[in-house]
$ cat start04.txt   # compact mmCIF, C-alpha atoms
# COMPACT_ATOMS: atom_id res chain seq x y z
CA MET U 1 5.94 6.55 -23.85
CA ALA U 2 3.28 4.90 -21.71
CA PHE U 3 4.17 3.92 -18.13
CA VAL U 4 3.92 0.82 -16.02
CA HIS U 5 1.61 1.74 -13.10
CA SER U 6 1.24 0.50 -9.52
CA LEU U 7 -2.50 0.41 -8.94
CA VAL U 8 -5.06 -1.51 -6.90
CA LYS U 9 -8.21 -3.21 -8.12
CA THR U 10 -11.32 -1.65 -6.68
CA GLU U 11 -15.00 -1.01 -7.32
CA VAL U 12 -16.40 2.50 -7.70
CA ARG U 13 -20.17 2.92 -8.02
CA GLY U 14 -20.53 -0.69 -9.15
CA LYS U 15 -17.76 -0.43 -11.76
CA THR U 16 -14.65 -2.57 -11.33
CA GLY U 17 -11.34 -1.03 -12.31
CA TRP U 18 -8.05 0.36 -11.06
CA CYS U 19 -7.22 3.28 -8.81
CA ALA U 20 -4.13 4.62 -7.11
CA PRO U 21 -3.32 3.36 -3.58
CA ALA U 22 -3.12 7.00 -2.44
CA GLU U 23 -6.81 7.39 -3.24
CA LEU U 24 -7.69 4.69 -0.69
CA GLY U 25 -5.06 5.51 1.94
CA GLU U 26 -4.58 2.83 4.59
CA ALA U 27 -7.72 1.09 3.27
CA ALA U 28 -5.75 0.17 0.13
CA PRO U 29 -5.28 -3.57 -0.41
CA HIS U 30 -1.95 -4.94 0.75
CA TYR U 31 -1.00 -6.13 -2.73
CA ILE U 32 -0.26 -3.40 -5.24
CA SER U 33 -0.63 -4.66 -8.81
CA PHE U 34 1.64 -3.85 -11.72
CA VAL U 35 -0.61 -2.78 -14.60
CA ILE U 36 0.09 -1.54 -18.11
CA PRO U 37 -2.07 0.24 -20.67
CA VAL U 38 -2.86 -1.86 -23.76
CA ASP U 39 -3.82 -0.92 -27.31
CA ALA U 40 -7.32 -1.12 -28.80
CA GLN U 41 -6.85 -4.84 -29.54
CA GLY U 42 -5.77 -5.51 -25.98
CA ASP U 43 -2.14 -6.14 -26.94
CA PHE U 44 0.92 -4.90 -25.08
CA LEU U 45 2.70 -1.85 -26.44
CA PRO U 46 6.30 -2.44 -27.55
CA ARG U 47 7.80 -0.70 -24.51
CA TYR U 48 6.87 1.16 -21.35
CA THR U 49 8.63 3.56 -19.02
CA CYS U 50 9.24 1.89 -15.66
CA GLU U 51 10.68 3.80 -12.71
CA THR U 52 12.66 2.43 -9.81
CA ILE U 53 13.15 4.12 -6.45
CA THR U 54 16.32 3.77 -4.43
CA SER U 55 16.64 4.89 -0.82
CA GLU U 56 19.65 7.15 -0.31
CA GLY U 57 20.02 8.18 3.30
CA LYS U 58 16.84 10.09 4.08
CA GLY U 59 16.16 10.79 0.41
CA LYS U 60 14.97 8.73 -2.53
CA LYS U 61 16.34 8.61 -6.06
CA LYS U 62 14.00 7.85 -8.96
CA VAL U 63 15.41 6.42 -12.17
CA SER U 64 13.52 5.70 -15.41
CA HIS U 65 14.05 2.41 -17.24
CA GLU U 66 12.23 0.56 -20.00
CA LEU U 67 10.02 -2.49 -19.71
CA VAL U 68 10.29 -4.09 -23.14
CA ARG U 69 7.87 -6.52 -24.76
CA GLU U 70 9.42 -9.87 -25.59
CA GLY U 71 7.12 -12.27 -27.43
CA LYS U 72 3.34 -12.09 -27.10
CA ASP U 73 2.74 -12.15 -23.35
CA SER U 74 6.11 -11.40 -21.75
CA LEU U 75 8.02 -8.27 -20.87
CA VAL U 76 11.46 -7.75 -19.44
CA LEU U 77 12.92 -5.01 -17.25
CA ARG U 78 16.71 -4.82 -17.38
CA LEU U 79 18.54 -3.04 -14.57
CA GLY U 80 22.22 -3.35 -15.38
CA LYS U 81 22.96 -7.07 -15.40
CA LEU U 82 19.71 -7.95 -13.65
CA GLU U 83 16.62 -9.03 -15.58
CA PHE U 84 13.08 -9.06 -14.23
CA TRP U 85 10.51 -10.85 -16.36
CA PHE U 86 6.79 -10.13 -16.23
CA THR U 87 3.87 -11.97 -17.79
CA ALA U 88 0.16 -11.27 -18.21
CA SER U 89 -1.76 -12.13 -15.06
CA PRO U 90 -4.02 -15.17 -15.44
CA VAL U 91 -7.45 -13.67 -14.70
CA ARG U 92 -10.99 -14.15 -15.90
CA LYS U 93 -11.65 -12.84 -19.42
CA GLU U 94 -13.95 -10.02 -18.25
CA GLU U 95 -11.26 -8.77 -15.86
CA ARG U 96 -8.42 -8.93 -18.40
CA ARG U 97 -8.77 -5.30 -19.43
CA LEU U 98 -10.13 -2.82 -16.93
CA PRO U 99 -10.30 0.99 -16.89
CA TYR U 100 -8.89 3.41 -14.38
CA VAL U 101 -11.87 4.39 -12.17
CA GLY U 102 -10.24 6.84 -9.76
CA LYS U 103 -10.22 10.64 -9.74
CA LEU U 104 -6.61 11.43 -10.59
CA ARG U 105 -5.30 12.39 -14.03
CA HIS U 106 -2.58 10.90 -16.23
CA GLU U 107 -2.41 10.60 -20.00
CA ASP U 108 -2.38 6.78 -19.77
CA PHE U 109 -5.73 6.73 -17.95
CA GLY U 110 -7.64 6.91 -21.24
CA HIS U 111 -6.51 3.34 -22.01
CA LEU U 112 -7.65 0.05 -20.58
CA PHE U 113 -5.14 -1.69 -18.32
CA THR U 114 -3.94 -5.27 -18.03
CA GLU U 115 -2.30 -6.65 -14.92
CA ILE U 116 1.14 -8.18 -15.25
CA GLU U 117 2.94 -10.28 -12.65
CA PRO U 118 6.62 -10.74 -11.93
CA GLU U 119 7.71 -14.27 -12.85
CA LYS U 120 9.89 -14.36 -9.73
CA PRO U 121 8.47 -12.00 -7.08
CA GLU U 122 11.30 -12.96 -4.75
CA SER U 123 13.78 -11.36 -7.14
CA LEU U 124 12.09 -7.99 -6.53
CA ASP U 125 12.41 -8.60 -2.78
CA ARG U 126 16.12 -9.32 -3.20
CA LEU U 127 16.53 -6.08 -5.15
CA TYR U 128 15.09 -4.16 -2.21
CA GLU U 129 17.00 -6.08 0.43
CA GLU U 130 20.37 -5.91 -1.30
CA GLU U 131 20.22 -2.64 -3.21
CA ASP U 132 17.50 -0.64 -1.40
CA THR U 133 15.69 -0.42 -4.73
CA PHE U 134 12.11 -1.23 -5.60
CA VAL U 135 10.15 -1.08 -8.85
CA ILE U 136 7.29 1.43 -8.72
CA GLY U 137 6.52 1.80 -12.44
CA CYS U 138 5.08 5.32 -12.36
CA ASP U 139 5.52 7.31 -9.17
CA ALA U 140 2.03 8.67 -8.55
CA PHE U 141 3.25 11.62 -6.50
CA THR U 142 5.44 12.78 -9.40
CA HIS U 143 3.23 12.07 -12.40
CA TYR U 144 -0.45 12.02 -11.39
CA SER U 145 -2.36 15.31 -11.41
CA GLY U 146 -4.61 15.99 -8.45
CA ILE U 147 -2.78 13.77 -5.99
CA LYS U 148 -1.34 16.53 -3.82
CA SER U 149 -4.75 18.03 -3.02
CA LEU U 150 -6.08 14.52 -2.39
CA THR U 151 -3.44 13.70 0.20
CA ARG U 152 -2.80 17.18 1.64
CA ASN U 153 -4.63 16.47 4.88
CA ARG U 154 -3.28 12.95 5.38
CA MET Z 1 13.31 -15.78 12.98
CA PRO Z 2 10.24 -14.61 11.07
CA ILE Z 3 10.95 -11.26 9.43
CA LEU Z 4 7.79 -9.42 8.48
CA TYR Z 5 7.23 -6.11 6.69
CA HIS Z 6 4.67 -3.32 6.92
CA GLY Z 7 4.69 -0.48 4.36
CA THR Z 8 3.48 2.83 5.75
CA ASN Z 9 4.75 6.39 6.20
CA ARG Z 10 8.00 7.21 7.97
CA ALA Z 11 6.38 8.97 10.94
CA PHE Z 12 4.03 6.04 11.62
CA ALA Z 13 6.84 3.50 11.15
CA THR Z 14 9.16 5.37 13.50
CA ALA Z 15 6.44 5.71 16.13
CA MET Z 16 5.53 2.03 15.86
CA ALA Z 17 9.18 0.99 16.14
CA GLY Z 18 9.49 2.96 19.39
CA THR Z 19 12.63 2.33 21.41
CA PRO Z 20 14.05 -0.80 23.04
CA ALA Z 21 13.48 0.78 26.44
CA ALA Z 22 9.92 1.99 25.93
CA GLY Z 23 8.82 -0.69 23.45
CA GLY Z 24 6.86 -0.23 20.26
CA THR Z 25 3.42 1.24 19.63
CA VAL Z 26 1.95 -1.20 17.09
CA ASP Z 27 -1.84 -1.01 17.39
CA VAL Z 28 -3.76 -4.16 16.43
CA THR Z 29 -7.16 -2.46 16.57
CA ARG Z 30 -6.82 0.00 13.70
CA GLY Z 31 -5.80 -1.64 10.41
CA ARG Z 32 -8.10 -3.34 7.94
CA GLY Z 33 -7.78 -5.68 5.01
CA GLU Z 34 -8.73 -8.98 3.46
CA PHE Z 35 -8.88 -10.74 6.85
CA GLY Z 36 -10.68 -7.97 8.71
CA ARG Z 37 -9.48 -5.64 11.46
CA GLY Z 38 -5.92 -5.87 12.72
CA PHE Z 39 -2.30 -5.02 12.10
CA TYR Z 40 -1.10 -6.39 8.76
CA THR Z 41 2.34 -7.54 7.75
CA GLN Z 42 3.61 -9.55 4.80
CA ASP Z 43 6.69 -11.50 3.83
CA SER Z 44 7.41 -9.45 0.69
CA THR Z 45 9.68 -6.52 1.39
CA GLY Z 46 9.41 -5.21 -2.18
CA ASN Z 47 5.61 -5.16 -2.15
CA ALA Z 48 5.53 -3.55 1.30
CA ALA Z 49 7.83 -0.79 0.03
CA ARG Z 50 5.65 -0.27 -3.05
CA ARG Z 51 2.49 -0.05 -0.95
CA GLY Z 52 4.06 2.57 1.30
CA GLN Z 53 5.29 4.56 -1.70
CA GLY Z 54 1.93 4.29 -3.41
CA ILE Z 55 0.08 5.72 -0.42
CA TYR Z 56 2.58 8.18 1.04
CA GLY Z 57 5.08 8.94 -1.73
CA ASP Z 58 8.52 10.00 -0.57
CA ASN Z 59 7.34 10.05 3.07
CA SER Z 60 6.99 6.28 2.97
CA ALA Z 61 9.01 3.69 4.88
CA VAL Z 62 8.93 0.02 5.76
CA LEU Z 63 8.63 -1.17 9.35
CA ILE Z 64 10.60 -4.41 9.70
CA LEU Z 65 9.63 -6.80 12.49
CA ASN Z 66 12.14 -9.48 13.36
CA ILE Z 67 10.31 -11.74 15.80
CA ASP Z 68 11.71 -14.36 18.14
CA ASN Z 69 10.98 -17.76 16.62
CA LEU Z 70 9.64 -19.50 19.74
CA ALA Z 71 7.49 -16.57 20.80
CA TYR Z 72 6.07 -16.18 17.29
CA HIS Z 73 5.18 -19.85 16.97
CA ALA Z 74 3.62 -19.84 20.42
CA LEU Z 75 0.89 -17.54 19.08
CA ASN Z 76 -2.50 -19.03 18.34
CA PHE Z 77 -2.79 -18.89 14.54
CA ARG Z 78 -5.64 -19.41 12.15
CA ARG Z 79 -4.14 -20.47 8.82
CA LEU Z 80 -5.99 -19.97 5.55
CA ASN Z 81 -5.32 -21.49 2.15
CA LEU Z 82 -6.04 -19.51 -1.01
CA ASN Z 83 -9.65 -20.62 -1.31
CA MET Z 84 -10.34 -19.81 2.34
CA ALA Z 85 -8.64 -16.42 1.98
CA ARG Z 86 -10.68 -15.60 -1.14
CA ARG Z 87 -13.89 -16.65 0.58
CA LEU Z 88 -13.22 -14.61 3.72
CA ASP Z 89 -12.23 -11.56 1.65
CA ALA Z 90 -15.41 -11.83 -0.43
CA GLN Z 91 -17.58 -12.25 2.67
CA LEU Z 92 -16.05 -9.25 4.43
CA ARG Z 93 -16.37 -7.07 1.33
CA ALA Z 94 -19.99 -8.04 0.82
CA SER Z 95 -20.86 -7.35 4.46
CA HIS Z 96 -18.65 -4.25 4.74
CA MET Z 97 -16.90 -5.83 7.72
CA GLN Z 98 -13.26 -5.33 6.73
CA HIS Z 99 -12.83 -2.74 9.49
CA ALA Z 100 -14.46 -4.90 12.17
CA TYR Z 101 -14.00 -8.66 11.69
CA THR Z 102 -11.79 -10.47 14.20
CA THR Z 103 -11.55 -13.97 15.62
CA VAL Z 104 -10.21 -15.34 18.90
CA HIS Z 105 -6.86 -16.20 17.28
CA ASP Z 106 -3.77 -14.09 17.87
CA ALA Z 107 -3.18 -13.88 14.13
CA ILE Z 108 -4.68 -14.96 10.83
CA ILE Z 109 -2.16 -16.08 8.23
CA GLY Z 110 -2.78 -16.70 4.56
CA PRO Z 111 -1.98 -15.63 1.02
CA LEU Z 112 -2.63 -12.18 -0.36
CA VAL Z 113 -5.67 -12.72 -2.55
CA GLY Z 114 -4.22 -10.58 -5.34
CA MET Z 115 -0.81 -12.28 -5.25
CA PRO Z 116 -1.00 -15.70 -3.59
CA GLY Z 117 2.78 -16.10 -3.65
CA ILE Z 118 3.00 -13.53 -0.87
CA GLU Z 119 1.91 -14.46 2.66
CA GLN Z 120 0.18 -11.90 4.85
CA GLN Z 121 -0.23 -11.98 8.61
CA LYS Z 122 -2.99 -10.14 10.45
CA PHE Z 123 -2.30 -9.67 14.18
CA GLN Z 124 -5.43 -9.02 16.20
CA THR Z 125 -5.15 -9.70 19.94
CA GLN Z 126 -3.60 -8.11 23.00
CA ASN Z 127 -1.30 -11.13 23.20
CA ALA Z 128 -0.02 -10.47 19.67
CA ARG Z 129 0.31 -6.75 20.40
CA THR Z 130 2.43 -7.49 23.46
CA LEU Z 131 4.78 -9.64 21.39
CA LEU Z 132 5.11 -7.14 18.52
CA ASN Z 133 5.83 -4.23 20.88
CA GLY Z 134 8.00 -6.09 23.38
CA PRO Z 135 11.65 -7.11 23.69
CA LEU Z 136 11.23 -10.35 21.71
CA THR Z 137 10.62 -8.36 18.51
CA GLN Z 138 13.30 -6.20 16.90
CA ARG Z 139 11.64 -3.28 15.19
CA THR Z 140 13.54 -1.29 12.59
CA VAL Z 141 12.57 1.27 9.96
CA LYS Z 142 13.96 1.20 6.41

$ encode --input "start04.txt" --output "structure tokens"
Amino acid sequence: MAFVHSLVKTEVRGKTGWCAPAELGEAAPHYISFVIPVDAQGDFLPRYTCETITSEGKGKKKVSHELVREGKDSLVLRLGKLEFWFTASPVRKEERRLPYVGKLRHEDFGHLFTEIEPEKPESLDRLYEEEDTFVIGCDAFTHYSGIKSLTRNR
Amino acid sequence: MPILYHGTNRAFATAMAGTPAAGGTVDVTRGRGEFGRGFYTQDSTGNAARRGQGIYGDNSAVLILNIDNLAYHALNFRRLNLNMARRLDAQLRASHMQHAYTTVHDAIIGPLVGMPGIEQQKFQTQNARTLLNGPLTQRTVK
């Protein structure tokens, strides 16, 4: 199943697209976008894997969930009794679907990506404040090939 | 009290938090972003955590700054609306000045261009540094 990804919009050799924050280091923008791969028509897939990370003492626990399409432009992530709704980001037509332009490898990177936004960003803040949990989508350090050599000297 | 968040790695966050006796080590001359050079915070704890994780993986942490209300509001702010923030970001990108641009203000405040619902703060003067590292700011690492 395809993943939700946490990527940043950037420009590489004149081409606008997405790359992983780890590829930019501290120069990464301060907002990390949620993006999802779309099919050839630009439509959402029926469901995506979406990981959460919970701090546990000095460690972190990753758990996989599903972000499920509901209707044409909405998706929902259910964590127990909590629901987090996402919708397609309102952007210019030419920026609606952009490629991954970084140097890392993941099977989703052959698709174009669309940005989605949480309907209530403050609900994601509450999740972190009250349950030490945040939504990462796809943990780059677990799933992206080439990231360890990229960040080895950081 | 304003509570602001900075996603980074655990070693940096711990060093910046310092100790109550010695103070913190936040450096306002190193960071960069949409408003130029300075130390960036934001009011979204979830996004700060995601940024730290995205850059540093499991070594990430969030530095939490809980700042005395009077001292914070005594700073000299430049406040930007979304259009002003977009314009400044575009100008700095075009001129490759994101690592260098500062103003005389203690801090520049405005929306994150990519997610206007989140406010970011860029601290950029010695005065701001003194407040962030001093006894009127509680610094904790999560």

$ residues_around --input "start04.txt" --residues "Z:Arg129" --least-positions-apart "5" --cutoff "7 Å" --atoms "only C-alpha atoms" --output "list in words"
Val26, Asp27 and Val28 of chain Z

$ closest_residue --input "start04.txt" --among "Z:Arg37, Z:Arg50, Z:Arg93, Z:Arg10" --to "U:Asp132" --atoms "all atoms listed in the file"
Z:Arg50

$ residues_near_point --input "start04.txt" --point "(1.9, -16.5, 15.5)" --cutoff "12 Å" --atoms "all atoms listed in the file" --output "PDB file with C-alpha atoms, in the frame of the given file"
ATOM      1  CA  MET Z   1      13.310 -15.780  12.980  1.00  0.00           C
ATOM      2  CA  PRO Z   2      10.240 -14.610  11.070  1.00  0.00           C
ATOM      3  CA  LEU Z   4       7.790  -9.420   8.480  1.00  0.00           C
ATOM      4  CA  THR Z  41       2.340  -7.540   7.750  1.00  0.00           C
ATOM      5  CA  ILE Z  67      10.310 -11.740  15.800  1.00  0.00           C
ATOM      6  CA  ASP Z  68      11.710 -14.360  18.140  1.00  0.00           C
ATOM      7  CA  ASN Z  69      10.980 -17.760  16.620  1.00  0.00           C
ATOM      8  CA  LEU Z  70       9.640 -19.500  19.740  1.00  0.00           C
ATOM      9  CA  ALA Z  71       7.490 -16.570  20.800  1.00  0.00           C
ATOM     10  CA  TYR Z  72       6.070 -16.180  17.290  1.00  0.00           C
ATOM     11  CA  HIS Z  73       5.180 -19.850  16.970  1.00  0.00           C
ATOM     12  CA  ALA Z  74       3.620 -19.840  20.420  1.00  0.00           C
ATOM     13  CA  LEU Z  75       0.890 -17.540  19.080  1.00  0.00           C
ATOM     14  CA  ASN Z  76      -2.500 -19.030  18.340  1.00  0.00           C
ATOM     15  CA  PHE Z  77      -2.790 -18.890  14.540  1.00  0.00           C
ATOM     16  CA  ARG Z  78      -5.640 -19.410  12.150  1.00  0.00           C
ATOM     17  CA  ARG Z  79      -4.140 -20.470   8.820  1.00  0.00           C
ATOM     18  CA  HIS Z 105      -6.860 -16.200  17.280  1.00  0.00           C
ATOM     19  CA  ASP Z 106      -3.770 -14.090  17.870  1.00  0.00           C
ATOM     20  CA  ALA Z 107      -3.180 -13.880  14.130  1.00  0.00           C
ATOM     21  CA  ILE Z 108      -4.680 -14.960  10.830  1.00  0.00           C
ATOM     22  CA  ILE Z 109      -2.160 -16.080   8.230  1.00  0.00           C
ATOM     23  CA  GLY Z 110      -2.780 -16.700   4.560  1.00  0.00           C
ATOM     24  CA  GLN Z 120       0.180 -11.900   4.850  1.00  0.00           C
ATOM     25  CA  GLN Z 121      -0.230 -11.980   8.610  1.00  0.00           C
ATOM     26  CA  LYS Z 122      -2.990 -10.140  10.450  1.00  0.00           C
ATOM     27  CA  PHE Z 123      -2.300  -9.670  14.180  1.00  0.00           C
ATOM     28  CA  GLN Z 124      -5.430  -9.020  16.200  1.00  0.00           C
ATOM     29  CA  THR Z 125      -5.150  -9.700  19.940  1.00  0.00           C
ATOM     30  CA  ASN Z 127      -1.300 -11.130  23.200  1.00  0.00           C
ATOM     31  CA  ALA Z 128      -0.020 -10.470  19.670  1.00  0.00           C
ATOM     32  CA  ARG Z 129       0.310  -6.750  20.400  1.00  0.00           C
ATOM     33  CA  LEU Z 131       4.780  -9.640  21.390  1.00  0.00           C
ATOM     34  CA  LEU Z 132       5.110  -7.140  18.520  1.00  0.00           C
TER      35      LEU Z 132
END

$ atom_distance --input "start04.txt" --atom1 "atom CA of Z:Ile118" --atom2 "atom CA of Z:Ile3"
13.2 Å

$ interface_residues --input "start04.txt" --of "chain Z" --to "chain U" --cutoff "7 Å" --atoms "all atoms listed in the file" --output "ChimeraX atom specification"
/Z:32-33,44-47,50-51,54-58,112,114-115

$ residues_around --input "start04.txt" --residues "Z:Asn83" --least-positions-apart "4" --cutoff "12 Å" --atoms "all atoms listed in the file" --output "list in words"
Arg79, Arg87, Leu88, Asp89, Ala90, Gly110, Pro111, Leu112, Val113 and Pro116 of chain Z

$ residues_near_point --input "start04.txt" --point "(14.1, -0.3, 26.3)" --cutoff "12 Å" --atoms "only C-alpha atoms" --output "count of residues only"
15

$ atom_distance --input "start04.txt" --atom1 "atom CA of U:Leu150" --atom2 "atom CA of U:Ala2"
23.5 Å

$ atom_distance --input "start04.txt" --atom1 "atom CA of U:Gly146" --atom2 "atom CA of U:Leu77"
28.7 Å

$ residues_around --input "start04.txt" --residues "Z:Gly36" --least-positions-apart "5" --cutoff "8 Å" --atoms "only C-alpha atoms" --output "PyMOL selection string"
chain Z and resi 92+97-102

$ residues_around --input "start04.txt" --residues "U:Phe44" --least-positions-apart "4" --cutoff "10 Å" --atoms "only C-alpha atoms" --output "VMD selection string"
chain U and resid 36 to 40 48 68 to 75 88 113 to 114

$ residues_around --input "start04.txt" --residues "U:Val101" --least-positions-apart "5" --cutoff "7 Å" --atoms "all atoms listed in the file" --output "short mmCIF file (atom, residue, chain, number, x, y, z; two decimals) with C-alpha atoms, in the frame of the given file"
data_model
loop_
_atom_site.label_atom_id
_atom_site.label_comp_id
_atom_site.auth_asym_id
_atom_site.auth_seq_id
_atom_site.Cartn_x
_atom_site.Cartn_y
_atom_site.Cartn_z
CA VAL U 12 -16.40 2.50 -7.70
CA GLY U 17 -11.34 -1.03 -12.31
CA TRP U 18 -8.05 0.36 -11.06
CA CYS U 19 -7.22 3.28 -8.81
#
